[in-house]
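**Q** Attaching a single structure in structure tokens format; questions to follow.
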Amino acid sequence: MSAPARPDATTDARTRTRDQPSVLTALRTPRLLTREVLAGLVVALALIPEAISFSIIAGVDPRVGLFSSFVMAVSIAFLGGRPAMISAATGAVALVIAPVARDYGMDYFIATVILAGVFQLVLGALGVAKLMRFIPRSVMVGFVNSLAILIFAAQLPHLVGVPWLVYPLVAAGLVIMVGVPRLTKAVPAPLIAIVVLTVVVVASGWQVPTVGDEGELPESLPELFIPNVPLTWETFATIAPFALAMALVGLLESLMTAKLVDDLTDTRSGKTREALGQGVANMLSGLFGGMGGCAMIGQTMIN
């Protein structure tokens, strides 16, 4: 009786890649490494205008949103419990803590972000993440659809009162993103659209709105920032309601996004670890002068 056939090395590599993705696995698998690098480029490029826009919503310098996105994206990659999920500065968090920057200033704003991270750590340690199992699918569908509507609505102001060249460029971008996947999926269509349209605009010298018009981009890495606020009960009472609201909104969006990715990939993730990771990431974001954030459904789907 002959021995069963042994899977070849290629099959073994694919199995390991699917079951236990890791940095070492990616480095040893050129095809996987190429895919991850391209996905990372698309997400990074897409994060820049969003981070600037969310900074404007929060009423802070655009660099604050960019620093926050950088610190959160890097830290959550090591601390989070849901692979493939992207966390950075978000509009939901910006809306919640915008009154702090407007009414109390930057130091109180950063203190609120740090305290929100502490609250998320406490909520994660208490097992609040486990309650996500009781959220019905209809809420998930409504959550994703409403975010899609908000993301679409956020683009409309950029199409009003702009040079006429913007409209054919937008149409070309849509054609590329819809048509390219039918020809090849080796390179992400959004990345091709960004590169092609950027080269066309730069080469032709057309005067159209750019990301740089949204705000000044940073020229240095984020530095440690300790908020200068009095450590009193009055300070805590002032920022605690905003910090708690930010913690709850951030955890809700992050855990719902994690559950969505679980369903799409038919895998399970550590919700409690994700909650704890979000808390640490927000604390680090605040300590480096960022506005904090949570998981981003749009960037996660791109990734």
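Chain labels follow the order of the structure tokens: the first chain is A, the next B, and so on; residue numbering restarts at 1 in every chain, and ligands are counted from 1 in their shown order.
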What's around Arg137 (chain A) at 10 Å? Count only C-alpha atoms, leave out sequence neighbours fewer than 5 positions away in its own chain, and write the answer as a list of chain:residue names.

**A** A:Gly142, A:Phe143, A:Leu260

**Q** Using only C-alpha atoms, determine which residues lie at most 7 Å from Ala243 (chain A), disregarding the query and same-chain residues fewer than 3 positions distant; provide the list as a ChimeraX atom specification.

**A** /A:112-113,115-116,239-240,246-247

**Q** Please provide as number ranges by chain all residues within 8 Å of Leu47 (chain A), with the sequence filter that same-chain residues fewer than 4 positions apart are discarded (counting only C-alpha atoms).

**A** A: 43, 51, 69, 299

**Q** Produce a file of the selected residues containing C-alpha atoms, as a short mmCIF file (atom, residue, chain, number, x, y, z; two decimals), in the first residue's frame.

**A**
data_model
loop_
_atom_site.label_atom_id
_atom_site.label_comp_id
_atom_site.auth_asym_id
_atom_site.auth_seq_id
_atom_site.Cartn_x
_atom_site.Cartn_y
_atom_site.Cartn_z
CA VAL A 43 -3.74 52.82 2.55
CA ALA A 51 -6.24 62.77 8.33
CA SER A 69 -2.64 58.46 12.05
CA GLN A 299 -9.27 52.04 4.86
#

**Q** Ala172 (chain A): which residues within 12 Å, counting only C-alpha atoms, same-chain residues fewer than 2 positions away excluded, as a list of chain:residue names?

**A** A:Leu165, A:Val166, A:Tyr167, A:Pro168, A:Leu169, A:Val170, A:Leu174, A:Val175, A:Ile176, A:Met177, A:Val178, A:Gly179, A:Val180, A:Ala189, A:Pro190, A:Ile192, A:Ala193, A:Ile194, A:Val196, A:Leu197, A:Thr198, A:Val200

**Q** Excluding Val74 (chain A) and its own-chain neighbours fewer than 4 positions away, which residues fall within 9 Å of it when counting only C-alpha atoms? Please give them as a PyMOL selection string.

**A** chain A and resi 69-70+78+87+281

**Q** Print the selection's residues with N, CA, C and O atoms to a file, as a PDB file, in the first residue's frame.

**A**
ATOM      1  N   SER A  69      -2.489  59.592  12.960  1.00  0.00           N
ATOM      2  CA  SER A  69      -2.640  58.459  12.048  1.00  0.00           C
ATOM      3  C   SER A  69      -1.371  57.624  12.002  1.00  0.00           C
ATOM      4  O   SER A  69      -1.419  56.388  11.998  1.00  0.00           O
ATOM      5  N   PHE A  70      -0.226  58.290  11.975  1.00  0.00           N
ATOM      6  CA  PHE A  70       1.051  57.567  11.917  1.00  0.00           C
ATOM      7  C   PHE A  70       1.263  56.741  13.186  1.00  0.00           C
ATOM      8  O   PHE A  70       1.549  55.540  13.125  1.00  0.00           O
ATOM      9  N   PHE A  78       1.112  46.274  16.096  1.00  0.00           N
ATOM     10  CA  PHE A  78       1.748  45.376  17.050  1.00  0.00           C
ATOM     11  C   PHE A  78       0.804  44.992  18.187  1.00  0.00           C
ATOM     12  O   PHE A  78       0.893  43.893  18.730  1.00  0.00           O
ATOM     13  N   SER A  87      -6.270  51.352  11.740  1.00  0.00           N
ATOM     14  CA  SER A  87      -6.711  52.335  12.734  1.00  0.00           C
ATOM     15  C   SER A  87      -5.912  53.621  12.559  1.00  0.00           C
ATOM     16  O   SER A  87      -4.698  53.577  12.340  1.00  0.00           O
ATOM     17  N   ALA A 281      -2.880  52.601  21.932  1.00  0.00           N
ATOM     18  CA  ALA A 281      -2.613  53.394  20.735  1.00  0.00           C
ATOM     19  C   ALA A 281      -3.087  54.831  20.907  1.00  0.00           C
ATOM     20  O   ALA A 281      -2.407  55.779  20.486  1.00  0.00           O
TER      21      ALA A 281
END

**Q** Which residues, written as a list in words, have at least one atom at most 6 Å from Gly117 (chain A), with only C-alpha atoms counted and residues fewer than 4 positions away on the same chain left out?

**A**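 Near Gly117 (chain A), the qualifying residues are Gly279, Asn282 and Met283 of chain A.
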
**Q** Using only C-alpha atoms, which residues sit within 12 Å of Leu264 (chain A) once same-chain residues fewer than 4 positions away are excluded, as a list in words?

**A** Ala84, Met85, Thr257, Ala258, Lys259, Leu260, Arg268, Thr300 and Met301 of chain A

**Q** Which one of A:Ser146, A:Asn228, A:Gln207, A:Gln155 sits closest to Met106 (chain A) if you count only C-alpha atoms?

**A**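 Of A:Ser146, A:Asn228, A:Gln207, A:Gln155, the one nearest Met106 (chain A) is A:Asn228, counting only C-alpha atoms.
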
**Q** Rounded to one decimal in Å, what is the spacing between CA of Asp103 (chain A) and CA of Val60 (chain A)?

**A**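 Separation of CA of Asp103 (chain A) and CA of Val60 (chain A): 12.0 Å.
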